[in-house]
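Chemist: Sharing target-v5.txt (compact mmCIF, C-alpha atoms and all ligand atoms) below.
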```
# COMPACT_ATOMS: atom_id res chain seq x y z
CA GLU A 1 80.52 111.95 119.07
CA LYS A 2 82.31 115.28 118.98
CA VAL A 3 85.92 115.93 119.91
CA PRO A 4 86.06 118.28 122.92
CA LYS A 5 87.38 121.84 122.45
CA ARG A 6 91.05 121.89 123.43
CA GLN A 7 92.87 124.69 125.24
CA GLY A 8 96.48 125.68 124.74
CA ASP A 9 99.26 125.52 122.16
CA VAL A 10 99.91 122.56 119.86
CA ALA A 11 102.29 120.81 122.27
CA THR A 12 99.83 121.14 125.16
CA VAL A 13 96.90 119.87 123.10
CA TRP A 14 98.98 116.97 121.79
CA ALA A 15 99.96 115.99 125.34
CA THR A 16 96.30 116.18 126.40
CA ILE A 17 95.14 113.92 123.58
CA ARG A 18 97.96 111.47 124.26
CA HIS A 19 97.11 111.41 127.95
CA GLU A 20 93.45 110.68 127.17
CA ALA A 21 94.48 107.91 124.76
CA MET A 22 96.48 106.26 127.56
CA GLY A 23 93.21 105.57 129.33
CA CYS A 24 91.33 104.49 126.21
CA THR A 25 88.72 101.73 126.51
CA ARG A 26 87.01 102.29 123.15
CA CYS A 27 87.86 98.74 122.08
CA PRO A 28 89.04 95.68 124.02
CA LEU A 29 92.70 95.85 122.94
CA HIS A 30 93.78 97.93 125.93
CA ARG A 31 93.19 94.92 128.19
CA ASP A 32 96.11 92.75 127.06
CA ALA A 33 98.56 95.29 125.70
CA THR A 34 101.36 96.62 127.91
CA GLN A 35 100.71 100.23 127.03
CA MET A 36 99.19 102.64 124.54
CA ILE A 37 101.68 103.69 121.86
CA PHE A 38 100.95 107.18 120.58
CA GLY A 39 102.47 108.88 117.54
CA GLU A 40 105.77 110.76 117.83
CA GLY A 41 107.68 113.33 115.86
CA PRO A 42 107.62 117.07 115.19
CA LEU A 43 104.17 118.54 115.66
CA ASP A 44 104.78 120.77 112.63
CA ALA A 45 105.84 117.84 110.43
CA PRO A 46 104.90 118.18 106.76
CA LEU A 47 104.70 114.39 106.59
CA MET A 48 102.75 111.86 108.65
CA ILE A 49 103.44 108.15 108.37
CA ILE A 50 100.72 105.78 109.56
CA GLY A 51 101.46 102.13 110.41
CA GLU A 52 99.03 99.42 111.46
CA GLN A 53 99.59 98.94 115.17
CA PRO A 54 102.53 98.59 117.56
CA GLY A 55 104.24 95.20 117.42
CA ASP A 56 105.77 93.16 120.23
CA GLN A 57 108.85 95.39 120.59
CA GLU A 58 106.93 98.64 120.30
CA ASP A 59 104.49 97.42 122.96
CA LEU A 60 107.41 96.97 125.36
CA ALA A 61 109.45 100.02 124.32
CA GLY A 62 106.53 102.46 124.25
CA ARG A 63 107.46 103.90 120.85
CA PRO A 64 106.22 103.25 117.30
CA PHE A 65 108.32 101.45 114.70
CA VAL A 66 111.37 100.49 116.76
CA GLY A 67 111.30 96.73 115.94
CA PRO A 68 112.19 94.87 112.72
CA ALA A 69 109.49 96.60 110.63
CA GLY A 70 110.70 99.95 111.93
CA GLN A 71 114.28 99.16 110.97
CA LEU A 72 113.20 98.27 107.46
CA LEU A 73 111.13 101.44 107.33
CA ASP A 74 114.10 103.55 108.47
CA ARG A 75 116.33 102.03 105.81
CA ALA A 76 113.75 102.52 103.06
CA LEU A 77 113.11 106.13 104.12
CA ALA A 78 116.84 106.84 104.07
CA GLN A 79 117.16 105.29 100.60
CA ALA A 80 114.25 107.38 99.37
CA GLY A 81 115.73 110.55 100.84
CA VAL A 82 113.09 111.05 103.52
CA ASP A 83 114.35 112.16 106.92
CA ARG A 84 112.39 110.21 109.57
CA SER A 85 113.10 112.92 112.12
CA ARG A 86 111.01 115.29 109.97
CA ALA A 87 108.05 112.91 109.95
CA TYR A 88 105.36 112.34 112.55
CA VAL A 89 105.08 108.56 112.85
CA THR A 90 101.95 106.96 114.25
CA ASN A 91 99.68 103.93 113.96
CA ALA A 92 96.07 103.28 112.94
CA VAL A 93 95.59 101.25 116.13
CA LYS A 94 97.42 102.22 119.29
CA HIS A 95 97.46 98.99 121.29
CA PHE A 96 99.25 95.77 120.31
CA LYS A 97 96.86 92.98 119.31
CA PHE A 98 98.33 89.52 119.68
CA GLU A 99 97.75 85.87 120.35
CA ARG A 100 99.91 83.97 122.83
CA GLN A 101 101.82 81.01 121.58
CA GLY A 102 103.93 79.68 124.43
CA LYS A 103 106.20 82.52 125.43
CA ARG A 104 105.76 84.31 122.12
CA ARG A 105 103.20 86.95 121.34
CA LEU A 106 102.10 86.65 117.73
CA HIS A 107 100.77 89.69 115.91
CA GLN A 108 97.09 89.65 114.95
CA SER A 109 95.64 92.11 112.45
CA PRO A 110 93.20 94.61 113.90
CA ASP A 111 89.64 94.26 112.63
CA ALA A 112 87.47 96.96 111.07
CA GLY A 113 85.80 97.78 114.39
CA GLU A 114 89.13 98.27 116.18
CA ILE A 115 90.42 100.48 113.38
CA GLU A 116 87.24 102.54 113.44
CA ALA A 117 87.34 102.89 117.25
CA CYS A 118 90.95 104.09 117.12
CA ARG A 119 90.27 106.62 114.33
CA TRP A 120 89.05 108.76 117.20
CA TRP A 121 92.71 109.30 118.10
CA LEU A 122 94.23 109.26 114.63
CA GLY A 123 91.72 111.87 113.48
CA GLN A 124 92.77 114.15 116.32
CA GLU A 125 96.46 113.67 115.51
CA ILE A 126 95.79 114.58 111.85
CA ASP A 127 93.62 117.60 112.72
CA LEU A 128 96.24 118.91 115.15
CA ILE A 129 99.37 118.36 113.06
CA ARG A 130 97.75 119.01 109.66
CA PRO A 131 100.48 117.30 107.61
CA ARG A 132 100.58 118.15 103.92
CA ILE A 133 101.32 114.54 103.05
CA ILE A 134 100.10 111.39 104.77
CA VAL A 135 101.56 107.97 103.93
CA ALA A 136 99.55 104.89 104.88
CA LEU A 137 101.58 101.72 105.24
CA GLY A 138 99.39 98.72 104.40
CA ALA A 139 95.67 98.03 104.33
CA SER A 140 94.83 98.84 107.96
CA ALA A 141 96.53 102.24 107.75
CA ALA A 142 94.90 102.93 104.38
CA ARG A 143 91.51 102.05 105.85
CA ALA A 144 92.15 104.36 108.80
CA MET A 145 93.31 107.21 106.54
CA LEU A 146 90.46 106.90 104.03
CA GLY A 147 87.64 105.63 106.24
CA LYS A 148 86.99 102.74 103.89
CA ALA A 149 88.63 99.52 102.75
CA VAL A 150 90.92 99.74 99.69
CA THR A 151 93.34 97.37 97.99
CA ILE A 152 96.99 98.41 98.08
CA GLY A 153 97.65 97.25 94.52
CA ARG A 154 94.98 99.51 93.07
CA THR A 155 95.62 102.51 95.33
CA ARG A 156 99.40 102.85 95.44
CA GLY A 157 101.35 105.12 93.11
CA ALA A 158 99.00 108.09 92.98
CA ALA A 159 98.03 110.87 95.37
CA ILE A 160 94.60 110.78 96.97
CA ALA A 161 92.94 114.08 97.93
CA LEU A 162 92.16 114.24 101.66
CA LYS A 163 90.44 116.93 103.68
CA ASP A 164 92.13 120.30 104.33
CA GLY A 165 94.10 119.97 101.08
CA ALA A 166 96.30 117.14 102.36
CA GLU A 167 97.58 114.46 100.01
CA GLY A 168 97.34 110.78 100.90
CA TRP A 169 99.63 108.04 99.61
CA VAL A 170 99.14 104.33 100.11
CA THR A 171 101.91 101.76 99.95
CA VAL A 172 102.75 98.36 101.43
CA HIS A 173 103.53 97.70 105.08
CA PRO A 174 107.20 96.89 105.82
CA SER A 175 106.10 93.73 107.71
CA TYR A 176 104.64 92.43 104.46
CA LEU A 177 108.09 92.78 102.90
CA LEU A 178 109.69 90.94 105.83
CA ARG A 179 107.25 88.05 105.41
CA LEU A 180 107.92 87.46 101.69
CA PRO A 181 109.61 84.06 101.52
CA ASP A 182 111.37 84.50 98.17
CA ALA A 183 114.55 86.64 98.33
CA GLU A 184 114.24 87.84 94.75
CA ARG A 185 110.62 88.86 95.18
CA GLN A 186 111.53 90.53 98.46
CA ALA A 187 114.23 92.60 96.77
CA ALA A 188 111.85 93.62 93.97
CA GLU A 189 109.05 94.55 96.37
CA GLN A 190 111.45 96.48 98.60
CA ALA A 191 112.67 98.46 95.62
CA ARG A 192 109.06 99.28 94.75
CA PHE A 193 108.43 100.38 98.33
CA VAL A 194 111.44 102.73 98.11
CA ASP A 195 110.10 104.04 94.78
CA ASP A 196 106.76 104.84 96.45
CA LEU A 197 108.60 106.68 99.23
CA ARG A 198 110.69 108.55 96.66
CA MET A 199 107.52 110.07 95.19
CA VAL A 200 106.65 111.19 98.69
CA ALA A 201 110.16 112.61 99.21
CA GLU A 202 109.70 114.82 96.15
CA ARG A 203 106.55 116.33 97.65
CA VAL A 204 107.79 117.02 101.17
CA LYS A 205 110.87 118.93 100.02
N1 LIG A 301 104.29 97.86 112.68
C1 LIG A 301 103.45 98.92 112.68
O1 LIG A 301 102.55 99.03 111.88
N2 LIG A 301 103.65 99.87 113.58
C2 LIG A 301 104.62 99.84 114.47
O2 LIG A 301 104.72 100.76 115.25
C3 LIG A 301 105.48 98.71 114.45
C4 LIG A 301 105.29 97.74 113.56
```
Spit out the file's structure as structure tokens when you get a sec.
Modeler:
Amino acid sequence: EKVPKRQGDVATVWATIRHEAMGCTRCPLHRDATQMIFGEGPLDAPLMIIGEQPGDQEDLAGRPFVGPAGQLLDRALAQAGVDRSRAYVTNAVKHFKFERQGKRRLHQSPDAGEIEACRWWLGQEIDLIRPRIIVALGASAARAMLGKAVTIGRTRGAAIALKDGAEGWVTVHPSYLLRLPDAERQAAEQARFVDDLRMVAERVK
């Protein structure tokens, strides 16, 4: 399937793609989610950050990374010297996938088919914005960025050549850090996350 030819400047094309994504039925996740959460940030950003999917708070707020994972991400970016306002922040999957447990909506990981279906949109965001550096947070984002499954442990710490001369970096997802039960381990893993982002900061300067 080919992406249609788009008319207009970058902002117009971005708004068109976003509008189309709002009506997306390429996978079943649109049925239960509140809304489609598209990427946001400067359309000339040198850096794109890809998360997994909107969480409970993002699903309600309509913006990516505003909940607990987003707060951790913001803190880590600040520590690493990356200005979030200079980054375009998006997700591999644009609808919240969850399971109801009483009143709570518990996050469920998107599967390979959902990630692949949603690459239709991510690919258009990347082709439009053409960031020099793309950071994938966690396995789902890495899969969406690379088009294949990789392990974070073996992929983090080094640049991966992407199309159009872009550089891809893989690191952990902030939610993984929030889930670590051991405080010491959490501190160590958070420091490593900041180190990964520091390497990225060097390159976006
Ligand atoms: N986790 C993600 O991967 N993306 C968000 O937008 C929020 C939480």
Chemist: Excluding Arg100 (chain A) and any residue of its chain fewer than 6 positions from it, enumerate the residues within 12 Å of it, using all atoms listed in the file, and give them as a ChimeraX atom specification.
Modeler: /A:32-33,56,106-108
Chemist: What are the centre and the three edge lengths of an axis-aligned box that wraps all atoms of region 68-76 of chain A in the file, given that 4 Å is added to every side, written as AutoDock Vina command-line options and rounded to one decimal in Å?
Modeler:
```
--center_x 112.9 --center_y 99.2 --center_z 107.9 --size_x 14.8 --size_y 16.7 --size_z 17.7
```
Chemist: Record the distance separating CA of Gln101 (chain A) and CA of Arg119 (chain A), expressed in Å with one decimal.
Modeler: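 It comes out at 29.0 Å.
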Chemist: Set the distance at 10 Å and use only C-alpha atoms: which residues neighbour Gln124 (chain A) once local chain neighbours fewer than 4 positions away are removed? I'd like the list as number ranges by chain.
Modeler: A: 3, 13-14, 17-18, 119-120, 128-130
Chemist: Do you know which residues are within 9 Å of ligand LIG 301 (chain A) using only C-alpha atoms and all ligand atoms? Can you write them as a ChimeraX atom specification?
Modeler: /A:37,39,50-59,63-70,89-94,96,137-138,140-141,173-175
Chemist: What does the file look like for those residues with C-alpha atoms, as a CSV table (one decimal), keeping the file's coordinate frame?
Modeler:
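Final output, result09.csv:
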```
chain,number,residue,atom,x,y,z
A,37,ILE,CA,101.7,103.7,121.9
A,39,GLY,CA,102.5,108.9,117.5
A,50,ILE,CA,100.7,105.8,109.6
A,51,GLY,CA,101.5,102.1,110.4
A,52,GLU,CA,99.0,99.4,111.5
A,53,GLN,CA,99.6,98.9,115.2
A,54,PRO,CA,102.5,98.6,117.6
A,55,GLY,CA,104.2,95.2,117.4
A,56,ASP,CA,105.8,93.2,120.2
A,57,GLN,CA,108.8,95.4,120.6
A,58,GLU,CA,106.9,98.6,120.3
A,59,ASP,CA,104.5,97.4,123.0
A,63,ARG,CA,107.5,103.9,120.8
A,64,PRO,CA,106.2,103.2,117.3
A,65,PHE,CA,108.3,101.4,114.7
A,66,VAL,CA,111.4,100.5,116.8
A,67,GLY,CA,111.3,96.7,115.9
A,68,PRO,CA,112.2,94.9,112.7
A,69,ALA,CA,109.5,96.6,110.6
A,70,GLY,CA,110.7,100.0,111.9
A,89,VAL,CA,105.1,108.6,112.8
A,90,THR,CA,102.0,107.0,114.2
A,91,ASN,CA,99.7,103.9,114.0
A,92,ALA,CA,96.1,103.3,112.9
A,93,VAL,CA,95.6,101.2,116.1
A,94,LYS,CA,97.4,102.2,119.3
A,96,PHE,CA,99.2,95.8,120.3
A,137,LEU,CA,101.6,101.7,105.2
A,138,GLY,CA,99.4,98.7,104.4
A,140,SER,CA,94.8,98.8,108.0
A,141,ALA,CA,96.5,102.2,107.8
A,173,HIS,CA,103.5,97.7,105.1
A,174,PRO,CA,107.2,96.9,105.8
A,175,SER,CA,106.1,93.7,107.7
```
Chemist: Neighbours of region 144-149 of chain A within 8 Å (all atoms listed in the file; same-chain residues fewer than 6 positions away dropped), as a PyMOL selection string?
Modeler: chain A and resi 92+115-116+119+122+136+162+168
Chemist: When distances are computed from all atoms listed in the file, which of A:Met36, A:Ala76, A:Ala159, A:Cys118 shows the smallest separation from His19 (chain A)?
Modeler: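 Nearest to His19 (chain A): A:Met36.
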Chemist: Record the distance separating CA of Glu40 (chain A) and CA of Arg75 (chain A), expressed in Å with one decimal.
Modeler: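 If I compute the distance from CA of Glu40 (chain A) to CA of Arg75 (chain A), I get 18.2 Å.
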Chemist: Rounded to one decimal place, report the CA of Cys24 (chain A)-CA of Ala112 (chain A) distance in Å.
Modeler: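 Between CA of Cys24 (chain A) and CA of Ala112 (chain A) the gap works out to 17.3 Å.
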Chemist: Which residues, written as a ChimeraX atom specification, have at least one atom at most 12 Å from region 188-194 of chain A, with only C-alpha atoms counted and residues fewer than 6 positions away on the same chain left out?
Modeler: /A:72-82,135-138,152-153,156-157,169-182,200-201
Chemist: Got a sec: who's within 12 Å of Ala45 (chain A), counting only C-alpha atoms, leaving out chain neighbours fewer than 4 positions off, as a list in words?
Modeler: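 So the residues in contact are Gly39, Glu40, Gly41, Ile49, Asp83, Arg84, Ser85, Arg86, Ala87, Tyr88, Val89, Glu125, Ile126, Leu128, Ile129, Arg130, Pro131, Arg132, Ile133, Ile134, Val204 and Lys205 of chain A.
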Chemist: Which of these, A:Pro4, A:Pro46, A:Pro28, A:Gly123, has the shortest distance to His95 (chain A) once you count only C-alpha atoms?
Modeler: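 The closest residue to His95 (chain A) is A:Pro28.
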